[in-house]
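Asker: Quick one, structure39.cif (mmCIF, N, CA and C atoms):
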data_final
loop_
_atom_site.group_PDB
_atom_site.id
_atom_site.type_symbol
_atom_site.label_atom_id
_atom_site.label_comp_id
_atom_site.auth_asym_id
_atom_site.auth_seq_id
_atom_site.Cartn_x
_atom_site.Cartn_y
_atom_site.Cartn_z
ATOM 1 N N MET A 15 0.837 -1.163 0.000
ATOM 2 C CA MET A 15 0.000 0.000 0.000
ATOM 3 C C MET A 15 0.890 1.237 0.000
ATOM 4 N N LYS A 16 1.147 1.780 -1.152
ATOM 5 C CA LYS A 16 2.036 2.937 -1.278
ATOM 6 C C LYS A 16 1.224 4.223 -1.337
ATOM 7 N N LYS A 17 1.687 5.202 -0.597
ATOM 8 C CA LYS A 17 1.039 6.513 -0.600
ATOM 9 C C LYS A 17 1.479 7.276 -1.838
ATOM 10 N N ASN A 18 0.540 7.899 -2.520
ATOM 11 C CA ASN A 18 0.860 8.710 -3.691
ATOM 12 C C ASN A 18 1.082 10.161 -3.313
ATOM 13 N N LYS A 19 0.762 10.515 -2.102
ATOM 14 C CA LYS A 19 0.862 11.894 -1.651
ATOM 15 C C LYS A 19 2.319 12.234 -1.338
ATOM 16 N N ASP A 20 2.878 13.186 -2.066
ATOM 17 C CA ASP A 20 4.237 13.650 -1.793
ATOM 18 C C ASP A 20 4.185 14.697 -0.689
ATOM 19 N N ILE A 21 5.072 14.564 0.273
ATOM 20 C CA ILE A 21 5.089 15.462 1.417
ATOM 21 C C ILE A 21 6.330 16.337 1.338
ATOM 22 N N ASN A 22 6.115 17.636 1.337
ATOM 23 C CA ASN A 22 7.218 18.577 1.376
ATOM 24 C C ASN A 22 7.432 18.933 2.847
ATOM 25 N N LEU A 23 8.522 18.458 3.422
ATOM 26 C CA LEU A 23 8.761 18.640 4.847
ATOM 27 C C LEU A 23 9.016 20.092 5.241
ATOM 28 N N HIS A 24 9.153 20.970 4.255
ATOM 29 C CA HIS A 24 9.397 22.385 4.546
ATOM 30 C C HIS A 24 8.117 23.209 4.509
ATOM 31 N N GLU A 25 7.011 22.612 4.064
ATOM 32 C CA GLU A 25 5.753 23.355 3.939
ATOM 33 C C GLU A 25 4.657 22.759 4.819
ATOM 34 N N ILE A 26 5.025 22.271 5.990
ATOM 35 C CA ILE A 26 4.035 21.722 6.908
ATOM 36 C C ILE A 26 4.066 22.502 8.215
ATOM 37 N N SER A 27 3.036 22.329 9.014
ATOM 38 C CA SER A 27 2.953 23.070 10.269
ATOM 39 C C SER A 27 4.089 22.656 11.205
ATOM 40 N N PRO A 28 4.448 23.521 12.133
ATOM 41 C CA PRO A 28 5.528 23.186 13.083
ATOM 42 C C PRO A 28 5.240 21.915 13.874
ATOM 43 N N GLU A 29 3.967 21.695 14.213
ATOM 44 C CA GLU A 29 3.605 20.486 14.957
ATOM 45 C C GLU A 29 3.837 19.234 14.107
ATOM 46 N N GLU A 30 3.426 19.284 12.850
ATOM 47 C CA GLU A 30 3.656 18.164 11.949
ATOM 48 C C GLU A 30 5.153 17.958 11.720
ATOM 49 N N GLN A 31 5.889 19.042 11.592
ATOM 50 C CA GLN A 31 7.324 18.957 11.378
ATOM 51 C C GLN A 31 8.001 18.267 12.563
ATOM 52 N N LEU A 32 7.560 18.583 13.767
ATOM 53 C CA LEU A 32 8.094 17.950 14.963
ATOM 54 C C LEU A 32 7.825 16.449 14.929
ATOM 55 N N LYS A 33 6.645 16.082 14.498
ATOM 56 C CA LYS A 33 6.278 14.668 14.413
ATOM 57 C C LYS A 33 7.199 13.928 13.439
ATOM 58 N N TYR A 34 7.467 14.528 12.298
ATOM 59 C CA TYR A 34 8.363 13.914 11.318
ATOM 60 C C TYR A 34 9.799 13.849 11.833
ATOM 61 N N GLU A 35 10.233 14.887 12.553
ATOM 62 C CA GLU A 35 11.594 14.886 13.116
ATOM 63 C C GLU A 35 11.768 13.739 14.107
ATOM 64 N N ILE A 36 10.772 13.529 14.945
ATOM 65 C CA ILE A 36 10.843 12.452 15.927
ATOM 66 C C ILE A 36 10.817 11.095 15.233
ATOM 67 N N ALA A 37 9.993 10.961 14.205
ATOM 68 C CA ALA A 37 9.957 9.710 13.449
ATOM 69 C C ALA A 37 11.332 9.427 12.846
ATOM 70 N N GLU A 38 12.003 10.469 12.379
ATOM 71 C CA GLU A 38 13.344 10.300 11.815
ATOM 72 C C GLU A 38 14.328 9.848 12.894
ATOM 73 N N GLU A 39 14.249 10.464 14.068
ATOM 74 C CA GLU A 39 15.145 10.102 15.166
ATOM 75 C C GLU A 39 14.954 8.646 15.595
ATOM 76 N N LEU A 40 13.734 8.157 15.489
ATOM 77 C CA LEU A 40 13.441 6.777 15.866
ATOM 78 C C LEU A 40 13.691 5.783 14.732
ATOM 79 N N GLY A 41 14.095 6.306 13.569
ATOM 80 C CA GLY A 41 14.382 5.442 12.437
ATOM 81 C C GLY A 41 13.141 4.981 11.690
ATOM 82 N N LEU A 42 12.057 5.729 11.809
ATOM 83 C CA LEU A 42 10.794 5.337 11.195
ATOM 84 C C LEU A 42 10.391 6.209 10.014
ATOM 85 N N LEU A 43 11.137 7.265 9.750
ATOM 86 C CA LEU A 43 10.738 8.236 8.728
ATOM 87 C C LEU A 43 10.621 7.616 7.341
ATOM 88 N N ASP A 44 11.579 6.787 6.951
ATOM 89 C CA ASP A 44 11.524 6.178 5.621
ATOM 90 C C ASP A 44 10.250 5.373 5.442
ATOM 91 N N ARG A 45 9.881 4.621 6.471
ATOM 92 C CA ARG A 45 8.664 3.801 6.402
ATOM 93 C C ARG A 45 7.413 4.681 6.322
ATOM 94 N N VAL A 46 7.415 5.775 7.080
ATOM 95 C CA VAL A 46 6.270 6.687 7.065
ATOM 96 C C VAL A 46 6.128 7.343 5.697
ATOM 97 N N LEU A 47 7.225 7.817 5.137
ATOM 98 C CA LEU A 47 7.166 8.485 3.841
ATOM 99 C C LEU A 47 6.779 7.525 2.726
ATOM 100 N N GLU A 48 7.211 6.288 2.841
ATOM 101 C CA GLU A 48 6.920 5.307 1.795
ATOM 102 C C GLU A 48 5.503 4.752 1.890
ATOM 103 N N ASN A 49 5.072 4.452 3.113
ATOM 104 C CA ASN A 49 3.799 3.738 3.270
ATOM 105 C C ASN A 49 2.748 4.464 4.090
ATOM 106 N N GLY A 50 3.095 5.558 4.716
ATOM 107 C CA GLY A 50 2.123 6.307 5.500
ATOM 108 C C GLY A 50 2.162 5.954 6.976
ATOM 109 N N TRP A 51 1.492 6.774 7.767
ATOM 110 C CA TRP A 51 1.492 6.609 9.217
ATOM 111 C C TRP A 51 0.779 5.333 9.643
ATOM 112 N N ARG A 52 -0.156 4.853 8.858
ATOM 113 C CA ARG A 52 -0.950 3.680 9.232
ATOM 114 C C ARG A 52 -0.134 2.395 9.323
ATOM 115 N N THR A 53 1.044 2.387 8.754
ATOM 116 C CA THR A 53 1.854 1.167 8.785
ATOM 117 C C THR A 53 2.611 1.004 10.100
ATOM 118 N N LEU A 54 2.600 2.036 10.936
ATOM 119 C CA LEU A 54 3.296 1.949 12.221
ATOM 120 C C LEU A 54 2.428 1.213 13.233
ATOM 121 N N SER A 55 3.083 0.546 14.146
ATOM 122 C CA SER A 55 2.356 -0.151 15.205
ATOM 123 C C SER A 55 1.870 0.852 16.244
ATOM 124 N N ALA A 56 0.965 0.397 17.104
ATOM 125 C CA ALA A 56 0.462 1.260 18.173
ATOM 126 C C ALA A 56 1.594 1.677 19.095
ATOM 127 N N LYS A 57 2.538 0.783 19.328
ATOM 128 C CA LYS A 57 3.677 1.094 20.189
ATOM 129 C C LYS A 57 4.527 2.210 19.570
ATOM 130 N N GLU A 58 4.760 2.128 18.262
ATOM 131 C CA GLU A 58 5.577 3.133 17.578
ATOM 132 C C GLU A 58 4.882 4.493 17.560
ATOM 133 N N THR A 59 3.591 4.517 17.256
ATOM 134 C CA THR A 59 2.888 5.796 17.220
ATOM 135 C C THR A 59 2.755 6.380 18.625
ATOM 136 N N GLY A 60 2.586 5.529 19.614
ATOM 137 C CA GLY A 60 2.531 5.997 20.996
ATOM 138 C C GLY A 60 3.839 6.613 21.426
ATOM 139 N N ARG A 61 4.937 6.017 21.005
ATOM 140 C CA ARG A 61 6.262 6.557 21.326
ATOM 141 C C ARG A 61 6.442 7.930 20.697
ATOM 142 N N ILE A 62 6.028 8.066 19.446
ATOM 143 C CA ILE A 62 6.126 9.356 18.759
ATOM 144 C C ILE A 62 5.261 10.390 19.473
ATOM 145 N N GLY A 63 4.026 10.022 19.793
ATOM 146 C CA GLY A 63 3.116 10.936 20.478
ATOM 147 C C GLY A 63 3.650 11.369 21.834
ATOM 148 N N GLY A 64 4.232 10.431 22.560
ATOM 149 C CA GLY A 64 4.797 10.755 23.861
ATOM 150 C C GLY A 64 5.957 11.724 23.759
ATOM 151 N N LEU A 65 6.810 11.523 22.757
ATOM 152 C CA LEU A 65 7.950 12.419 22.570
ATOM 153 C C LEU A 65 7.512 13.804 22.083
ATOM 154 N N VAL A 66 6.459 13.844 21.260
ATOM 155 C CA VAL A 66 5.926 15.138 20.815
ATOM 156 C C VAL A 66 5.424 15.919 22.026
ATOM 157 N N THR A 67 4.677 15.252 22.889
ATOM 158 C CA THR A 67 4.151 15.899 24.088
ATOM 159 C C THR A 67 5.277 16.386 24.989
ATOM 160 N N LYS A 68 6.296 15.554 25.166
ATOM 161 C CA LYS A 68 7.442 15.921 26.012
ATOM 162 C C LYS A 68 8.148 17.158 25.460
ATOM 163 N N ARG A 69 8.377 17.176 24.144
ATOM 164 C CA ARG A 69 9.068 18.318 23.533
ATOM 165 C C ARG A 69 8.243 19.592 23.617
ATOM 166 N N LYS A 70 6.924 19.470 23.416
ATOM 167 C CA LYS A 70 6.062 20.646 23.521
ATOM 168 C C LYS A 70 6.111 21.215 24.931
ATOM 169 N N ARG A 71 6.076 20.324 25.912
ATOM 170 C CA ARG A 71 6.139 20.758 27.306
ATOM 171 C C ARG A 71 7.461 21.468 27.574
ATOM 172 N N GLU A 72 8.559 20.924 27.054
ATOM 173 C CA GLU A 72 9.878 21.552 27.239
ATOM 174 C C GLU A 72 9.941 22.915 26.566
ATOM 175 N N MET A 73 9.339 23.037 25.383
ATOM 176 C CA MET A 73 9.336 24.320 24.667
ATOM 177 C C MET A 73 8.533 25.375 25.424
ATOM 178 N N ASN A 74 7.433 24.957 26.042
ATOM 179 C CA ASN A 74 6.594 25.909 26.792
ATOM 180 C C ASN A 74 7.260 26.377 28.057
ATOM 181 N N GLN A 75 8.140 25.558 28.627
ATOM 182 C CA GLN A 75 8.826 25.945 29.848
ATOM 183 C C GLN A 75 9.943 26.945 29.595
ATOM 184 N N GLU A 76 10.454 26.974 28.387
ATOM 185 C CA GLU A 76 11.565 27.884 28.058
ATOM 186 C C GLU A 76 11.134 29.298 27.894
#
Before anything else, please render the file you have as structure tokens.
Answerer:
Amino acid sequence: MKKNKDINLHEISPEEQLKYEIAEELGLLDRVLENGWRTLSAKETGRIGGLVTKRKREMNQE
């Protein structure tokens, strides 16, 4: 199931950009870009969501 939607990582919202950055750090970005977010397991998406929340909290404290 290949996604036909091309994603320009420079023209997305800061929140979406953060999500993609975290996926890259976890080594999941290639899979997301090739097949979409739906191919990730619940554990993987939960990890991304948790890190997004943590980073947002850290940004608000600064």
Asker: Neighbouring residues of Glu35 of chain A were defined as those with any atom within 12 Å, considering only C-alpha atoms; residues of the same chain fewer than 6 positions away were excluded. Please report them as a short mmCIF file (atom, residue, chain, number, x, y, z; two decimals) with N, CA and C atoms, in the coordinates of the input.
Answerer:
data_model
loop_
_atom_site.label_atom_id
_atom_site.label_comp_id
_atom_site.auth_asym_id
_atom_site.auth_seq_id
_atom_site.Cartn_x
_atom_site.Cartn_y
_atom_site.Cartn_z
N LEU A 23 8.52 18.46 3.42
CA LEU A 23 8.76 18.64 4.85
C LEU A 23 9.02 20.09 5.24
N HIS A 24 9.15 20.97 4.26
CA HIS A 24 9.40 22.38 4.55
C HIS A 24 8.12 23.21 4.51
N ILE A 26 5.03 22.27 5.99
CA ILE A 26 4.04 21.72 6.91
C ILE A 26 4.07 22.50 8.22
N PRO A 28 4.45 23.52 12.13
CA PRO A 28 5.53 23.19 13.08
C PRO A 28 5.24 21.92 13.87
N GLU A 29 3.97 21.70 14.21
CA GLU A 29 3.60 20.49 14.96
C GLU A 29 3.84 19.23 14.11
N GLY A 41 14.10 6.31 13.57
CA GLY A 41 14.38 5.44 12.44
C GLY A 41 13.14 4.98 11.69
N LEU A 42 12.06 5.73 11.81
CA LEU A 42 10.79 5.34 11.20
C LEU A 42 10.39 6.21 10.01
N LEU A 43 11.14 7.26 9.75
CA LEU A 43 10.74 8.24 8.73
C LEU A 43 10.62 7.62 7.34
N ASP A 44 11.58 6.79 6.95
CA ASP A 44 11.52 6.18 5.62
C ASP A 44 10.25 5.37 5.44
N VAL A 46 7.42 5.78 7.08
CA VAL A 46 6.27 6.69 7.06
C VAL A 46 6.13 7.34 5.70
N ILE A 62 6.03 8.07 19.45
CA ILE A 62 6.13 9.36 18.76
C ILE A 62 5.26 10.39 19.47
N GLY A 63 4.03 10.02 19.79
CA GLY A 63 3.12 10.94 20.48
C GLY A 63 3.65 11.37 21.83
N LEU A 65 6.81 11.52 22.76
CA LEU A 65 7.95 12.42 22.57
C LEU A 65 7.51 13.80 22.08
N VAL A 66 6.46 13.84 21.26
CA VAL A 66 5.93 15.14 20.82
C VAL A 66 5.42 15.92 22.03
N ARG A 69 8.38 17.18 24.14
CA ARG A 69 9.07 18.32 23.53
C ARG A 69 8.24 19.59 23.62
#
Asker: One decimal, in Å: what's the spacing between atom CA of Arg61 of chain A and atom C of Lys33 of chain A?
Answerer: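 Separating atom CA of Arg61 of chain A from atom C of Lys33 of chain A is a distance of 10.8 Å.
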Asker: So what do you get for atom CA of Trp51 of chain A versus atom CA of Lys70 of chain A, distance-wise?
Answerer: 20.6 Å
Asker: For atom CA of Leu47 of chain A and atom CA of Asn22 of chain A, determine how far apart the two atoms are, in Å to one decimal place.
Answerer: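 If I compute the distance from atom CA of Leu47 of chain A to atom CA of Asn22 of chain A, I get 10.4 Å.
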Asker: Give the helix (DSSP H, G or I) residues of chain A, as DSSP finds them on the backbone, and put them as a JSON list (two decimals) with N, CA and C atoms, in the frame of the given file.
Answerer:
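Wrote it out as result24.json, contents follow:
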[["chain", "number", "residue", "atom", "x", "y", "z"],
["A", 28, "PRO", "N", 4.45, 23.52, 12.13],
["A", 28, "PRO", "CA", 5.53, 23.19, 13.08],
["A", 28, "PRO", "C", 5.24, 21.92, 13.87],
["A", 29, "GLU", "N", 3.97, 21.70, 14.21],
["A", 29, "GLU", "CA", 3.60, 20.49, 14.96],
["A", 29, "GLU", "C", 3.84, 19.23, 14.11],
["A", 30, "GLU", "N", 3.43, 19.28, 12.85],
["A", 30, "GLU", "CA", 3.66, 18.16, 11.95],
["A", 30, "GLU", "C", 5.15, 17.96, 11.72],
["A", 31, "GLN", "N", 5.89, 19.04, 11.59],
["A", 31, "GLN", "CA", 7.32, 18.96, 11.38],
["A", 31, "GLN", "C", 8.00, 18.27, 12.56],
["A", 32, "LEU", "N", 7.56, 18.58, 13.77],
["A", 32, "LEU", "CA", 8.09, 17.95, 14.96],
["A", 32, "LEU", "C", 7.82, 16.45, 14.93],
["A", 33, "LYS", "N", 6.64, 16.08, 14.50],
["A", 33, "LYS", "CA", 6.28, 14.67, 14.41],
["A", 33, "LYS", "C", 7.20, 13.93, 13.44],
["A", 34, "TYR", "N", 7.47, 14.53, 12.30],
["A", 34, "TYR", "CA", 8.36, 13.91, 11.32],
["A", 34, "TYR", "C", 9.80, 13.85, 11.83],
["A", 35, "GLU", "N", 10.23, 14.89, 12.55],
["A", 35, "GLU", "CA", 11.59, 14.89, 13.12],
["A", 35, "GLU", "C", 11.77, 13.74, 14.11],
["A", 36, "ILE", "N", 10.77, 13.53, 14.94],
["A", 36, "ILE", "CA", 10.84, 12.45, 15.93],
["A", 36, "ILE", "C", 10.82, 11.10, 15.23],
["A", 37, "ALA", "N", 9.99, 10.96, 14.20],
["A", 37, "ALA", "CA", 9.96, 9.71, 13.45],
["A", 37, "ALA", "C", 11.33, 9.43, 12.85],
["A", 38, "GLU", "N", 12.00, 10.47, 12.38],
["A", 38, "GLU", "CA", 13.34, 10.30, 11.82],
["A", 38, "GLU", "C", 14.33, 9.85, 12.89],
["A", 39, "GLU", "N", 14.25, 10.46, 14.07],
["A", 39, "GLU", "CA", 15.14, 10.10, 15.17],
["A", 39, "GLU", "C", 14.95, 8.65, 15.60],
["A", 43, "LEU", "N", 11.14, 7.26, 9.75],
["A", 43, "LEU", "CA", 10.74, 8.24, 8.73],
["A", 43, "LEU", "C", 10.62, 7.62, 7.34],
["A", 44, "ASP", "N", 11.58, 6.79, 6.95],
["A", 44, "ASP", "CA", 11.52, 6.18, 5.62],
["A", 44, "ASP", "C", 10.25, 5.37, 5.44],
["A", 45, "ARG", "N", 9.88, 4.62, 6.47],
["A", 45, "ARG", "CA", 8.66, 3.80, 6.40],
["A", 45, "ARG", "C", 7.41, 4.68, 6.32],
["A", 46, "VAL", "N", 7.42, 5.78, 7.08],
["A", 46, "VAL", "CA", 6.27, 6.69, 7.06],
["A", 46, "VAL", "C", 6.13, 7.34, 5.70],
["A", 47, "LEU", "N", 7.22, 7.82, 5.14],
["A", 47, "LEU", "CA", 7.17, 8.48, 3.84],
["A", 47, "LEU", "C", 6.78, 7.52, 2.73],
["A", 48, "GLU", "N", 7.21, 6.29, 2.84],
["A", 48, "GLU", "CA", 6.92, 5.31, 1.80],
["A", 48, "GLU", "C", 5.50, 4.75, 1.89],
["A", 49, "ASN", "N", 5.07, 4.45, 3.11],
["A", 49, "ASN", "CA", 3.80, 3.74, 3.27],
["A", 49, "ASN", "C", 2.75, 4.46, 4.09],
["A", 51, "TRP", "N", 1.49, 6.77, 7.77],
["A", 51, "TRP", "CA", 1.49, 6.61, 9.22],
["A", 51, "TRP", "C", 0.78, 5.33, 9.64],
["A", 52, "ARG", "N", -0.16, 4.85, 8.86],
["A", 52, "ARG", "CA", -0.95, 3.68, 9.23],
["A", 52, "ARG", "C", -0.13, 2.40, 9.32],
["A", 53, "THR", "N", 1.04, 2.39, 8.75],
["A", 53, "THR", "CA", 1.85, 1.17, 8.78],
["A", 53, "THR", "C", 2.61, 1.00, 10.10],
["A", 56, "ALA", "N", 0.96, 0.40, 17.10],
["A", 56, "ALA", "CA", 0.46, 1.26, 18.17],
["A", 56, "ALA", "C", 1.59, 1.68, 19.10],
["A", 57, "LYS", "N", 2.54, 0.78, 19.33],
["A", 57, "LYS", "CA", 3.68, 1.09, 20.19],
["A", 57, "LYS", "C", 4.53, 2.21, 19.57],
["A", 58, "GLU", "N", 4.76, 2.13, 18.26],
["A", 58, "GLU", "CA", 5.58, 3.13, 17.58],
["A", 58, "GLU", "C", 4.88, 4.49, 17.56],
["A", 59, "THR", "N", 3.59, 4.52, 17.26],
["A", 59, "THR", "CA", 2.89, 5.80, 17.22],
["A", 59, "THR", "C", 2.76, 6.38, 18.62],
["A", 60, "GLY", "N", 2.59, 5.53, 19.61],
["A", 60, "GLY", "CA", 2.53, 6.00, 21.00],
["A", 60, "GLY", "C", 3.84, 6.61, 21.43],
["A", 61, "ARG", "N", 4.94, 6.02, 21.00],
["A", 61, "ARG", "CA", 6.26, 6.56, 21.33],
["A", 61, "ARG", "C", 6.44, 7.93, 20.70],
["A", 62, "ILE", "N", 6.03, 8.07, 19.45],
["A", 62, "ILE", "CA", 6.13, 9.36, 18.76],
["A", 62, "ILE", "C", 5.26, 10.39, 19.47],
["A", 63, "GLY", "N", 4.03, 10.02, 19.79],
["A", 63, "GLY", "CA", 3.12, 10.94, 20.48],
["A", 63, "GLY", "C", 3.65, 11.37, 21.83],
["A", 64, "GLY", "N", 4.23, 10.43, 22.56],
["A", 64, "GLY", "CA", 4.80, 10.76, 23.86],
["A", 64, "GLY", "C", 5.96, 11.72, 23.76],
["A", 65, "LEU", "N", 6.81, 11.52, 22.76],
["A", 65, "LEU", "CA", 7.95, 12.42, 22.57],
["A", 65, "LEU", "C", 7.51, 13.80, 22.08],
["A", 66, "VAL", "N", 6.46, 13.84, 21.26],
["A", 66, "VAL", "CA", 5.93, 15.14, 20.82],
["A", 66, "VAL", "C", 5.42, 15.92, 22.03],
["A", 67, "THR", "N", 4.68, 15.25, 22.89],
["A", 67, "THR", "CA", 4.15, 15.90, 24.09],
["A", 67, "THR", "C", 5.28, 16.39, 24.99],
["A", 68, "LYS", "N", 6.30, 15.55, 25.17],
["A", 68, "LYS", "CA", 7.44, 15.92, 26.01],
["A", 68, "LYS", "C", 8.15, 17.16, 25.46],
["A", 69, "ARG", "N", 8.38, 17.18, 24.14],
["A", 69, "ARG", "CA", 9.07, 18.32, 23.53],
["A", 69, "ARG", "C", 8.24, 19.59, 23.62],
["A", 70, "LYS", "N", 6.92, 19.47, 23.42],
["A", 70, "LYS", "CA", 6.06, 20.65, 23.52],
["A", 70, "LYS", "C", 6.11, 21.22, 24.93],
["A", 71, "ARG", "N", 6.08, 20.32, 25.91],
["A", 71, "ARG", "CA", 6.14, 20.76, 27.31],
["A", 71, "ARG", "C", 7.46, 21.47, 27.57],
["A", 72, "GLU", "N", 8.56, 20.92, 27.05],
["A", 72, "GLU", "CA", 9.88, 21.55, 27.24],
["A", 72, "GLU", "C", 9.94, 22.92, 26.57],
["A", 73, "MET", "N", 9.34, 23.04, 25.38],
["A", 73, "MET", "CA", 9.34, 24.32, 24.67],
["A", 73, "MET", "C", 8.53, 25.38, 25.42],
["A", 74, "ASN", "N", 7.43, 24.96, 26.04],
["A", 74, "ASN", "CA", 6.59, 25.91, 26.79],
["A", 74, "ASN", "C", 7.26, 26.38, 28.06],
["A", 75, "GLN", "N", 8.14, 25.56, 28.63],
["A", 75, "GLN", "CA", 8.83, 25.94, 29.85],
["A", 75, "GLN", "C", 9.94, 26.94, 29.60]]
Asker: Could you give me the centre and size, in Å to one decimal, of an axis-aligned box around all listed atoms of segment 48-66 of chain A with 5 Å added on every side, as lines of an AutoDock Vina configuration file?
Answerer:
center_x = 3.5
center_y = 7.9
center_z = 12.8
size_x = 18.9
size_y = 26.1
size_z = 32.1
